[in-house]
>>> print(open('run.txt').read())   # compact mmCIF, C-alpha atoms and all ligand atoms
# COMPACT_ATOMS: atom_id res chain seq x y z
CA MET J 21 -6.21 -213.10 -71.55
CA ASP J 22 -5.70 -213.21 -67.81
CA TYR J 23 -8.72 -212.03 -65.83
CA ALA J 24 -8.63 -210.51 -62.34
CA VAL J 25 -12.42 -210.69 -62.04
CA ILE J 26 -14.93 -213.10 -63.53
CA THR J 27 -18.55 -213.34 -62.37
CA LYS J 28 -21.40 -215.55 -63.43
CA ASP J 29 -24.95 -214.27 -62.86
CA LEU J 30 -23.83 -212.62 -59.63
CA THR J 31 -26.89 -211.46 -57.69
CA ARG J 32 -27.64 -209.78 -54.39
CA ARG J 33 -31.10 -209.27 -52.98
CA PHE J 34 -32.11 -207.36 -49.85
CA GLY J 35 -35.50 -208.85 -48.93
CA ASP J 36 -37.65 -208.53 -52.05
CA PHE J 37 -35.38 -205.94 -53.61
CA THR J 38 -32.71 -206.98 -56.11
CA ALA J 39 -29.75 -204.61 -55.77
CA VAL J 40 -27.48 -206.53 -58.17
CA ASP J 41 -29.16 -208.63 -60.82
CA ARG J 42 -27.30 -211.50 -62.55
CA ILE J 43 -24.22 -209.58 -63.62
CA ASN J 44 -21.53 -211.17 -65.77
CA LEU J 45 -18.26 -209.28 -65.47
CA THR J 46 -14.87 -210.05 -66.99
CA ILE J 47 -12.08 -207.67 -66.04
CA PRO J 48 -8.59 -208.26 -67.48
CA THR J 49 -5.58 -208.07 -65.18
CA GLY J 50 -3.79 -204.73 -65.18
CA GLN J 51 -6.70 -202.71 -66.50
CA VAL J 52 -8.69 -199.86 -65.01
CA CYS J 53 -12.38 -200.72 -64.99
CA GLY J 54 -14.82 -197.90 -64.20
CA PHE J 55 -18.14 -198.70 -62.54
CA LEU J 56 -20.66 -196.12 -63.69
CA GLY J 57 -24.39 -195.64 -63.32
CA PRO J 58 -27.02 -193.63 -61.46
CA ASN J 59 -27.32 -193.51 -57.67
CA GLY J 60 -28.65 -196.80 -56.34
CA ALA J 61 -27.68 -198.72 -59.50
CA GLY J 62 -25.82 -201.36 -57.49
CA LYS J 63 -22.17 -200.33 -57.97
CA THR J 64 -21.19 -200.36 -54.30
CA THR J 65 -23.14 -203.56 -53.64
CA ALA J 66 -21.38 -205.28 -56.55
CA MET J 67 -18.03 -204.03 -55.31
CA ARG J 68 -18.66 -205.26 -51.77
CA MET J 69 -19.45 -208.74 -53.09
CA LEU J 70 -16.28 -208.74 -55.19
CA CYS J 71 -14.27 -207.80 -52.08
CA GLY J 72 -15.66 -210.75 -50.14
CA ILE J 73 -17.37 -208.42 -47.64
CA LEU J 74 -20.95 -209.18 -48.71
CA GLU J 75 -22.31 -212.63 -49.53
CA PRO J 76 -24.01 -213.09 -52.90
CA THR J 77 -27.61 -214.32 -52.87
CA SER J 78 -26.98 -216.36 -56.01
CA GLY J 79 -24.51 -216.66 -58.84
CA SER J 80 -20.77 -216.82 -58.38
CA GLY J 81 -17.54 -214.94 -58.88
CA LYS J 82 -13.80 -215.35 -58.87
CA VAL J 83 -11.46 -212.53 -57.96
CA LEU J 84 -7.71 -213.12 -58.35
CA GLY J 85 -8.63 -216.78 -58.65
CA PHE J 86 -10.40 -216.89 -55.27
CA ASP J 87 -14.05 -217.81 -54.98
CA ILE J 88 -15.75 -214.69 -53.55
CA ASP J 89 -18.06 -216.79 -51.38
CA SER J 90 -16.15 -219.84 -50.14
CA GLU J 91 -12.71 -218.16 -50.11
CA ALA J 92 -13.80 -214.68 -48.99
CA ASP J 93 -11.43 -214.54 -46.01
CA LEU J 94 -8.42 -215.42 -48.13
CA LEU J 95 -9.46 -212.98 -50.82
CA LYS J 96 -9.65 -210.05 -48.38
CA HIS J 97 -5.91 -210.36 -47.73
CA HIS J 98 -5.05 -209.98 -51.40
CA ILE J 99 -7.03 -206.88 -52.31
CA GLY J 100 -7.15 -203.24 -51.32
CA TYR J 101 -10.44 -201.46 -50.71
CA MET J 102 -11.20 -197.79 -50.31
CA SER J 103 -14.82 -197.47 -49.31
CA GLN J 104 -17.19 -194.66 -50.29
CA LYS J 105 -17.01 -193.38 -46.70
CA PHE J 106 -13.29 -194.02 -46.45
CA SER J 107 -12.05 -194.92 -43.03
CA LEU J 108 -9.16 -192.83 -41.79
CA TYR J 109 -8.44 -192.11 -38.16
CA HIS J 110 -8.79 -188.35 -37.92
CA ASP J 111 -7.02 -188.12 -34.58
CA LEU J 112 -3.98 -190.02 -35.87
CA THR J 113 -1.29 -188.45 -38.03
CA VAL J 114 -0.64 -189.32 -41.67
CA GLN J 115 2.27 -191.54 -40.60
CA GLU J 116 0.22 -193.23 -37.86
CA ASN J 117 -2.66 -194.01 -40.20
CA LEU J 118 -0.32 -195.73 -42.67
CA ASP J 119 1.41 -197.50 -39.79
CA PHE J 120 -1.94 -198.78 -38.52
CA TYR J 121 -2.99 -200.21 -41.89
CA ALA J 122 0.47 -201.70 -42.47
CA GLY J 123 0.11 -203.46 -39.13
CA LEU J 124 -3.26 -204.91 -40.12
CA TYR J 125 -1.55 -206.61 -43.05
CA GLY J 126 1.30 -207.89 -40.90
CA LEU J 127 4.02 -205.64 -42.33
CA VAL J 128 6.89 -205.11 -39.86
CA GLY J 129 10.37 -203.64 -39.57
CA SER J 130 12.23 -202.19 -42.51
CA LYS J 131 9.71 -203.61 -44.99
CA LYS J 132 6.98 -201.65 -43.26
CA ARG J 133 9.05 -198.45 -43.08
CA ARG J 134 9.91 -198.67 -46.77
CA ARG J 135 6.30 -199.25 -47.81
CA ILE J 136 5.06 -196.33 -45.71
CA GLU J 137 7.64 -194.09 -47.37
CA GLU J 138 6.49 -195.29 -50.79
CA MET J 139 2.87 -194.51 -49.95
CA ILE J 140 3.77 -191.04 -48.68
CA ALA J 141 5.53 -190.39 -51.99
CA LEU J 142 2.66 -191.86 -54.03
CA ALA J 143 0.10 -189.71 -52.23
CA ASP J 144 2.35 -186.65 -52.43
CA LEU J 145 2.21 -186.28 -48.65
CA ALA J 146 5.91 -185.66 -47.98
CA GLY J 147 6.26 -182.95 -45.32
CA ARG J 148 2.84 -183.76 -43.86
CA GLU J 149 3.77 -187.01 -42.10
CA ASN J 150 3.04 -185.60 -38.66
CA GLN J 151 -0.12 -183.73 -39.54
CA LEU J 152 -3.36 -185.08 -38.05
CA ALA J 153 -5.38 -186.74 -40.82
CA GLY J 154 -8.51 -184.84 -39.72
CA THR J 155 -6.84 -181.54 -40.59
CA LEU J 156 -5.91 -182.49 -44.18
CA SER J 157 -7.85 -181.08 -47.10
CA LEU J 158 -10.27 -183.55 -48.68
CA GLY J 159 -7.99 -184.10 -51.67
CA PHE J 160 -5.05 -185.07 -49.45
CA MET J 161 -7.30 -187.16 -47.23
CA GLN J 162 -8.44 -189.17 -50.23
CA ARG J 163 -4.86 -189.73 -51.37
CA LEU J 164 -3.95 -190.86 -47.85
CA ALA J 165 -6.90 -193.28 -47.92
CA LEU J 166 -5.58 -194.60 -51.23
CA GLY J 167 -2.14 -195.04 -49.66
CA CYS J 168 -3.75 -197.04 -46.85
CA ALA J 169 -5.67 -199.20 -49.36
CA LEU J 170 -2.44 -199.92 -51.26
CA ILE J 171 -0.13 -200.46 -48.30
CA SER J 172 -0.10 -204.25 -48.64
CA HIS J 173 0.83 -204.05 -52.32
CA PRO J 174 -2.46 -205.64 -53.49
CA ARG J 175 -2.72 -206.94 -57.06
CA LEU J 176 -6.27 -205.57 -57.22
CA VAL J 177 -7.68 -202.46 -55.63
CA PHE J 178 -11.31 -201.37 -55.33
CA LEU J 179 -11.94 -197.65 -55.08
CA ASP J 180 -15.49 -196.52 -54.39
CA GLU J 181 -15.95 -192.91 -55.56
CA PRO J 182 -12.46 -191.92 -54.47
CA THR J 183 -12.65 -188.47 -56.05
CA SER J 184 -16.10 -187.21 -55.12
CA GLY J 185 -15.98 -183.79 -53.51
CA VAL J 186 -12.44 -182.85 -54.50
CA SER J 187 -11.22 -180.20 -56.93
CA PRO J 188 -10.70 -180.99 -60.63
CA THR J 189 -6.93 -180.66 -60.15
CA SER J 190 -6.88 -183.15 -57.28
CA ARG J 191 -9.12 -185.48 -59.27
CA ARG J 192 -6.74 -185.46 -62.20
CA ALA J 193 -3.76 -186.07 -59.92
CA PHE J 194 -5.62 -188.96 -58.31
CA PHE J 195 -6.44 -190.54 -61.65
CA ASN J 196 -2.83 -190.20 -62.78
CA ILE J 197 -1.87 -192.38 -59.81
CA ILE J 198 -4.56 -194.89 -60.78
CA GLN J 199 -3.25 -195.10 -64.33
CA ASP J 200 0.34 -195.52 -63.12
CA LEU J 201 -0.77 -198.37 -60.87
CA ALA J 202 -2.42 -200.14 -63.79
CA ALA J 203 0.64 -199.60 -65.97
CA GLN J 204 2.60 -201.47 -63.29
CA GLY J 205 0.16 -204.40 -63.43
CA THR J 206 -2.32 -203.61 -60.65
CA THR J 207 -5.96 -204.07 -61.60
CA VAL J 208 -8.08 -201.10 -60.52
CA ILE J 209 -11.86 -201.07 -60.18
CA VAL J 210 -13.16 -197.60 -59.54
CA THR J 211 -16.65 -196.15 -59.28
CA THR J 212 -17.13 -192.62 -60.48
CA HIS J 213 -19.79 -190.19 -61.65
CA PHE J 214 -17.29 -188.10 -63.65
CA MET J 215 -17.23 -188.54 -67.43
CA GLU J 216 -13.65 -187.34 -67.79
CA GLU J 217 -12.61 -190.16 -65.44
CA ALA J 218 -14.75 -192.69 -67.31
CA GLU J 219 -12.91 -191.67 -70.49
CA ARG J 220 -9.63 -192.65 -68.84
CA CYS J 221 -10.72 -196.22 -68.02
CA HIS J 222 -9.85 -199.21 -70.22
CA GLN J 223 -13.32 -200.59 -69.70
CA ILE J 224 -16.58 -199.18 -68.44
CA ALA J 225 -19.14 -201.31 -66.62
CA PHE J 226 -22.42 -199.42 -66.80
CA PHE J 227 -24.99 -200.32 -64.14
CA SER J 228 -28.64 -199.37 -63.99
CA GLN J 229 -31.27 -200.74 -61.61
CA GLY J 230 -28.99 -203.59 -60.57
CA LYS J 231 -28.29 -204.72 -64.13
CA LEU J 232 -25.01 -204.52 -66.01
CA LEU J 233 -26.14 -202.81 -69.21
CA ALA J 234 -22.74 -202.60 -70.90
CA LEU J 235 -19.13 -203.63 -70.48
CA ALA J 236 -16.80 -202.15 -73.08
CA SER J 237 -14.15 -199.53 -73.75
CA PRO J 238 -15.28 -195.88 -73.95
CA ASP J 239 -14.65 -195.83 -77.71
CA ASP J 240 -16.56 -199.04 -78.35
CA LEU J 241 -19.47 -197.77 -76.30
CA LYS J 242 -19.66 -194.59 -78.36
CA GLN J 243 -19.47 -196.48 -81.62
CA THR J 244 -21.94 -199.25 -80.88
CA SER J 245 -24.48 -198.17 -78.27
CA LEU J 246 -26.54 -195.67 -80.22
CA GLN J 247 -28.83 -196.93 -82.94
CA GLY J 248 -29.31 -194.01 -85.27
CA ILE J 249 -27.60 -190.73 -86.11
CA LEU J 250 -26.75 -188.22 -83.41
CA LEU J 251 -27.17 -184.58 -84.35
CA GLU J 252 -26.30 -181.36 -82.62
CA LEU J 253 -28.82 -178.57 -83.05
CA PRO J 254 -27.81 -175.02 -82.21
CA LEU J 255 -31.24 -173.70 -81.23
CA ALA J 256 -31.82 -170.65 -79.09
CA ASP J 257 -33.71 -171.59 -75.92
CA PRO J 258 -33.27 -175.37 -76.35
CA LEU J 259 -35.48 -176.25 -73.39
CA ARG J 260 -38.52 -174.77 -75.13
CA HIS J 261 -38.09 -177.04 -78.18
CA MET J 262 -37.53 -180.34 -76.44
CA ASP J 263 -41.13 -181.54 -76.11
CA ASP J 264 -41.99 -180.63 -79.72
CA LEU J 265 -38.96 -182.52 -81.01
CA LEU J 266 -39.65 -185.57 -78.88
CA ASP J 267 -43.14 -185.78 -80.41
CA LEU J 268 -41.70 -186.24 -83.91
CA PRO J 269 -41.90 -189.89 -85.01
CA TYR J 270 -38.32 -189.98 -86.35
CA VAL J 271 -36.76 -188.53 -83.17
CA LYS J 272 -35.66 -191.18 -80.70
CA GLU J 273 -33.99 -189.06 -78.03
CA CYS J 274 -33.36 -185.45 -77.21
CA THR J 275 -31.08 -184.06 -74.50
CA ILE J 276 -29.69 -180.66 -73.55
CA HIS J 277 -25.96 -180.05 -73.57
CA GLY J 278 -25.21 -176.51 -72.52
CA SER J 279 -26.79 -174.24 -75.13
CA THR J 280 -27.28 -176.94 -77.75
CA LEU J 281 -29.54 -179.95 -78.18
CA HIS J 282 -28.41 -183.46 -79.00
CA VAL J 283 -31.06 -185.23 -81.05
CA LEU J 284 -30.92 -188.89 -81.96
CA VAL J 285 -32.78 -189.65 -85.18
CA LYS J 286 -33.53 -193.04 -86.67
CA ASP J 287 -31.72 -192.58 -89.98
CA GLN J 288 -30.67 -190.12 -92.71
CA ALA J 289 -34.27 -189.61 -93.80
CA GLY J 290 -35.05 -188.62 -90.22
CA ALA J 291 -32.11 -186.20 -90.24
CA ASP J 292 -33.45 -184.57 -93.42
CA GLN J 293 -36.97 -184.29 -92.00
CA LEU J 294 -35.59 -182.73 -88.84
CA THR J 295 -33.69 -180.12 -90.84
CA ALA J 296 -36.87 -179.27 -92.74
CA PHE J 297 -38.83 -179.04 -89.48
CA THR J 298 -36.42 -176.86 -87.47
CA LYS J 299 -34.92 -174.92 -90.39
CA VAL J 300 -31.62 -175.20 -88.59
CA GLN J 301 -28.70 -177.09 -90.12
CA PRO J 302 -27.76 -179.91 -87.75
CA LYS J 303 -24.23 -181.20 -87.30
CA ILE J 304 -23.54 -184.94 -87.12
CA ILE J 305 -21.56 -185.62 -83.95
CA THR J 306 -19.86 -188.52 -82.19
CA PRO J 307 -21.82 -189.33 -79.05
CA THR J 308 -20.39 -188.43 -75.68
CA LEU J 309 -20.45 -191.01 -72.91
CA ASP J 310 -23.38 -189.08 -71.45
CA ASP J 311 -25.33 -189.70 -74.68
CA VAL J 312 -24.42 -193.37 -74.49
CA PHE J 313 -25.58 -193.75 -70.89
CA ILE J 314 -28.86 -191.95 -71.57
CA ALA J 315 -29.50 -194.23 -74.54
CA LEU J 316 -28.67 -197.35 -72.52
CA ALA J 317 -30.98 -196.36 -69.67
CA LYS J 318 -33.70 -195.53 -72.16
CA SER J 319 -33.47 -198.89 -73.91
CA GLN J 320 -33.69 -200.58 -70.52
CA GLU J 321 -36.89 -198.63 -69.77
CA SER J 322 -38.56 -199.55 -73.05
CA GLU J 323 -37.55 -203.17 -72.54
CA ALA J 324 -39.20 -203.11 -69.11
CA GLU J 325 -42.39 -201.69 -70.62
CA ARG J 326 -42.58 -204.49 -73.15
N1 LIG J 401 -27.78 -203.33 -46.69
C1 LIG J 401 -28.79 -202.96 -47.50
N2 LIG J 401 -30.07 -203.20 -47.18
C2 LIG J 401 -31.08 -202.85 -48.01
N3 LIG J 401 -30.91 -202.23 -49.19
C3 LIG J 401 -29.65 -201.96 -49.56
C4 LIG J 401 -28.52 -202.28 -48.74
N4 LIG J 401 -27.40 -201.90 -49.40
C5 LIG J 401 -27.80 -201.33 -50.55
N5 LIG J 401 -29.15 -201.37 -50.66
C6 LIG J 401 -29.94 -200.84 -51.78
O1 LIG J 401 -29.42 -201.39 -52.97
C7 LIG J 401 -29.48 -200.42 -54.02
C8 LIG J 401 -28.10 -200.27 -54.63
O2 LIG J 401 -27.27 -199.58 -53.73
P1 LIG J 401 -25.73 -199.29 -54.01
O3 LIG J 401 -25.20 -198.63 -52.79
O4 LIG J 401 -25.08 -200.53 -54.47
O5 LIG J 401 -25.84 -198.27 -55.22
P2 LIG J 401 -24.69 -197.41 -55.93
O6 LIG J 401 -24.77 -197.70 -57.38
O7 LIG J 401 -23.40 -197.61 -55.24
O8 LIG J 401 -25.21 -195.92 -55.70
P3 LIG J 401 -24.39 -194.53 -55.41
O9 LIG J 401 -23.98 -194.02 -56.75
O10 LIG J 401 -25.41 -193.65 -54.78
O11 LIG J 401 -23.24 -194.84 -54.49
C9 LIG J 401 -30.02 -199.15 -53.40
O12 LIG J 401 -31.38 -199.06 -53.70
C10 LIG J 401 -29.80 -199.35 -51.92
O13 LIG J 401 -30.74 -198.66 -51.17
MG MG J 402 -22.13 -196.41 -54.20
>>> encode(input="run.txt", output="structure tokens", more="lines below")
Ligand SMILES: Nc1ncnc2c1ncn2[C@@H]1O[C@H](COP(=O)(O)OP(=O)(O)OP(=O)(O)O)[C@@H](O)[C@H]1O
Ligand SMILES: [Mg+2]
Amino acid sequence: MDYAVITKDLTRRFGDFTAVDRINLTIPTGQVCGFLGPNGAGKTTAMRMLCGILEPTSGSGKVLGFDIDSEADLLKHHIGYMSQKFSLYHDLTVQENLDFYAGLYGLVGSKKRRRIEEMIALADLAGRENQLAGTLSLGFMQRLALGCALISHPRLVFLDEPTSGVSPTSRRAFFNIIQDLAAQGTTVIVTTHFMEEAERCHQIAFFSQGKLLALASPDDLKQTSLQGILLELPLADPLRHMDDLLDLPYVKECTIHGSTLHVLVKDQAGADQLTAFTKVQPKIITPTLDDVFIALAKSQESEAER
């Protein structure tokens, strides 16, 4: 397997605080890897190190074969990066923004014109070339920012929360572009808080408190991360029952999903005891990614207590 990203115990500290803690990532070329995890988990910090923008405190990493520390300047020319606060020039038009970024990468003449046209098509911005970027809707702005990040035809692109704040329709359109890019061989690393986007990634890297808690496909995560049986309980007023259920020795976890409760029990005996206790017939369900992430964070907490 050919890997676009490999890290070894990659770490970043800010003073006494460890923002990224000895992460070991392997991301195959041409895949979409989703960075997930709570706010402050270290996703952006990890991404900035992988881009060669931020020096690691310890550990190492190779991105597209370049050492992220000693070859950072070279690396920057081979990747695209769309930051969480993406940087468009609001007082320039769509065309002028693309032109500016193309210039940064040394594109000129007909090559430049062709690439700008391709990016306008990719971002579905035809007809808006002369519109000021600042007057675009957020969805279009984000697609323009993606076009700017891709202008140099990078083999790897980092997208930091590219779809936050836009409508579900725009989000889906954006992710279609991401999947097309990967199908054409571009590696995409994307942070997101949306489960439906996580489901569309080849691999998920789940971060919590600076640690990489899991790196696997969505299906593998669902099949392997939960130790026990997950049950759905259709109880009226689920919030009222949560504390009682959590006190039961055979209940490991309990979360609310709409009007139902998801309860993780240790084993079949636990499932039977729960049925006897609630007098409600539970349904065995496949965990959602949400269930998986809650369980991962929980196991990290209990590990820390030990
Ligand atoms: N330059 C810095 N100086 C000090 N602390 C920092 C710096 N950059 C990040 N941090 C801290 O490192 C931690 C991880 O931040 P990071 O931005 O990587 O999280 P994140 O997972 O991207 O979160 P979010 O989902 O909110 O974007 C946070 O506690 C943050 O405050
Ligand atoms: Mg972030």
>>> closest_residue(input="run.txt", among="J:Lys272, J:Arg148, J:Arg33, J:Lys105", to="ligand MG 402 (chain J)", atoms="all atoms listed in the file")
J:Lys105
>>> atom_distance(input="run.txt", atom1="atom CA of Gly278 of chain J", atom2="atom CA of Ala61 of chain J")
25.9 Å
>>> residues_near_point(input="run.txt", point="(-13.8, -197.5, -54.4)", cutoff="9 Å", atoms="all atoms listed in the file", output="PDB file with C-alpha atoms, in the frame of the given file")
ATOM      1  CA  THR J  64     -21.190-200.360 -54.300  1.00  0.00           C
ATOM      2  CA  MET J  67     -18.030-204.030 -55.310  1.00  0.00           C
ATOM      3  CA  TYR J 101     -10.440-201.460 -50.710  1.00  0.00           C
ATOM      4  CA  MET J 102     -11.200-197.790 -50.310  1.00  0.00           C
ATOM      5  CA  SER J 103     -14.820-197.470 -49.310  1.00  0.00           C
ATOM      6  CA  GLN J 104     -17.190-194.660 -50.290  1.00  0.00           C
ATOM      7  CA  PHE J 106     -13.290-194.020 -46.450  1.00  0.00           C
ATOM      8  CA  VAL J 177      -7.680-202.460 -55.630  1.00  0.00           C
ATOM      9  CA  PHE J 178     -11.310-201.370 -55.330  1.00  0.00           C
ATOM     10  CA  LEU J 179     -11.940-197.650 -55.080  1.00  0.00           C
ATOM     11  CA  ASP J 180     -15.490-196.520 -54.390  1.00  0.00           C
ATOM     12  CA  GLU J 181     -15.950-192.910 -55.560  1.00  0.00           C
ATOM     13  CA  PRO J 182     -12.460-191.920 -54.470  1.00  0.00           C
ATOM     14  CA  ILE J 209     -11.860-201.070 -60.180  1.00  0.00           C
ATOM     15  CA  VAL J 210     -13.160-197.600 -59.540  1.00  0.00           C
ATOM     16  CA  THR J 211     -16.650-196.150 -59.280  1.00  0.00           C
ATOM     17  CA  THR J 212     -17.130-192.620 -60.480  1.00  0.00           C
TER      18      THR J 212
END
>>> closest_residue(input="run.txt", among="J:Lys231, J:His173, J:Arg191, J:Lys132", to="ligand LIG 401 (chain J)", atoms="all atoms listed in the file")
J:Lys231
>>> residues_near_ligand(input="run.txt", ligand="ligand LIG 401 (chain J)", cutoff="12 Å", atoms="all atoms listed in the file", output="number ranges by chain")
J: 31-41, 55-69, 73-75, 103-105, 179-182, 184, 210-214, 225-232
>>> residues_near_point(input="run.txt", point="(-28.8, -179.1, -81.6)", cutoff="12 Å", atoms="all atoms listed in the file", output="PyMOL selection string")
chain J and resi 250-259+261-262+265+273-285+291+294-295+298-305
>>> closest_residue(input="run.txt", among="J:Leu45, J:Ala169, J:Ile249, J:Leu266", to="Lys286 of chain J", atoms="all atoms listed in the file")
J:Ile249
>>> atom_distance(input="run.txt", atom1="atom CA of Asp119 of chain J", atom2="atom CA of Thr155 of chain J")
18.0 Å
>>> residues_around(input="run.txt", residues="Cys168 of chain J", least_positions_apart="5", cutoff="12 Å", atoms="all atoms listed in the file", output="PDB file with C-alpha atoms, in the frame of the given file")
ATOM      1  CA  ILE J  99      -7.030-206.880 -52.310  1.00  0.00           C
ATOM      2  CA  GLY J 100      -7.150-203.240 -51.320  1.00  0.00           C
ATOM      3  CA  TYR J 101     -10.440-201.460 -50.710  1.00  0.00           C
ATOM      4  CA  MET J 102     -11.200-197.790 -50.310  1.00  0.00           C
ATOM      5  CA  SER J 103     -14.820-197.470 -49.310  1.00  0.00           C
ATOM      6  CA  PHE J 106     -13.290-194.020 -46.450  1.00  0.00           C
ATOM      7  CA  SER J 107     -12.050-194.920 -43.030  1.00  0.00           C
ATOM      8  CA  LEU J 108      -9.160-192.830 -41.790  1.00  0.00           C
ATOM      9  CA  TYR J 109      -8.440-192.110 -38.160  1.00  0.00           C
ATOM     10  CA  VAL J 114      -0.640-189.320 -41.670  1.00  0.00           C
ATOM     11  CA  GLN J 115       2.270-191.540 -40.600  1.00  0.00           C
ATOM     12  CA  GLU J 116       0.220-193.230 -37.860  1.00  0.00           C
ATOM     13  CA  ASN J 117      -2.660-194.010 -40.200  1.00  0.00           C
ATOM     14  CA  LEU J 118      -0.320-195.730 -42.670  1.00  0.00           C
ATOM     15  CA  ASP J 119       1.410-197.500 -39.790  1.00  0.00           C
ATOM     16  CA  PHE J 120      -1.940-198.780 -38.520  1.00  0.00           C
ATOM     17  CA  TYR J 121      -2.990-200.210 -41.890  1.00  0.00           C
ATOM     18  CA  ALA J 122       0.470-201.700 -42.470  1.00  0.00           C
ATOM     19  CA  GLY J 123       0.110-203.460 -39.130  1.00  0.00           C
ATOM     20  CA  LEU J 124      -3.260-204.910 -40.120  1.00  0.00           C
ATOM     21  CA  TYR J 125      -1.550-206.610 -43.050  1.00  0.00           C
ATOM     22  CA  ARG J 135       6.300-199.250 -47.810  1.00  0.00           C
ATOM     23  CA  ILE J 136       5.060-196.330 -45.710  1.00  0.00           C
ATOM     24  CA  GLU J 137       7.640-194.090 -47.370  1.00  0.00           C
ATOM     25  CA  GLU J 138       6.490-195.290 -50.790  1.00  0.00           C
ATOM     26  CA  MET J 139       2.870-194.510 -49.950  1.00  0.00           C
ATOM     27  CA  ILE J 140       3.770-191.040 -48.680  1.00  0.00           C
ATOM     28  CA  LEU J 142       2.660-191.860 -54.030  1.00  0.00           C
ATOM     29  CA  ALA J 143       0.100-189.710 -52.230  1.00  0.00           C
ATOM     30  CA  MET J 161      -7.300-187.160 -47.230  1.00  0.00           C
ATOM     31  CA  GLN J 162      -8.440-189.170 -50.230  1.00  0.00           C
ATOM     32  CA  ARG J 163      -4.860-189.730 -51.370  1.00  0.00           C
ATOM     33  CA  HIS J 173       0.830-204.050 -52.320  1.00  0.00           C
ATOM     34  CA  PRO J 174      -2.460-205.640 -53.490  1.00  0.00           C
ATOM     35  CA  VAL J 177      -7.680-202.460 -55.630  1.00  0.00           C
ATOM     36  CA  LEU J 179     -11.940-197.650 -55.080  1.00  0.00           C
TER      37      LEU J 179
END
>>> atom_distance(input="run.txt", atom1="atom CA of Pro238 of chain J", atom2="atom CA of Ile224 of chain J")
6.6 Å
>>> axis_aligned_box(input="run.txt", around="segment 196-209 of chain J", padding_each_side="4 Å", output="lines of an AutoDock Vina configuration file")
center_x = -4.6
center_y = -197.3
center_z = -62.9
size_x = 22.5
size_y = 22.2
size_z = 14.2
>>> residues_around(input="run.txt", residues="Thr113 of chain J", least_positions_apart="4", cutoff="8 Å", atoms="all atoms listed in the file", output="PyMOL selection string")
chain J and resi 117+149-153
>>> residues_around(input="run.txt", residues="Arg175 of chain J", least_positions_apart="2", cutoff="10 Å", atoms="all atoms listed in the file", output="ChimeraX atom specification")
/J:24,49-50,84,98-100,170,172-173,177,201-202,204-208
>>> closest_residue(input="run.txt", among="J:Val25, J:Ala193, J:Val128, J:Ala236", to="Glu217 of chain J", atoms="all atoms listed in the file")
J:Ala193
>>> closest_residue(input="run.txt", among="J:Ser90, J:Ser80, J:Thr308, J:Thr27", to="Ser245 of chain J", atoms="only C-alpha atoms")
J:Thr308
>>> closest_residue(input="run.txt", among="J:Val52, J:Ile47, J:Leu309, J:Ala141", to="Arg220 of chain J", atoms="all atoms listed in the file")
J:Val52
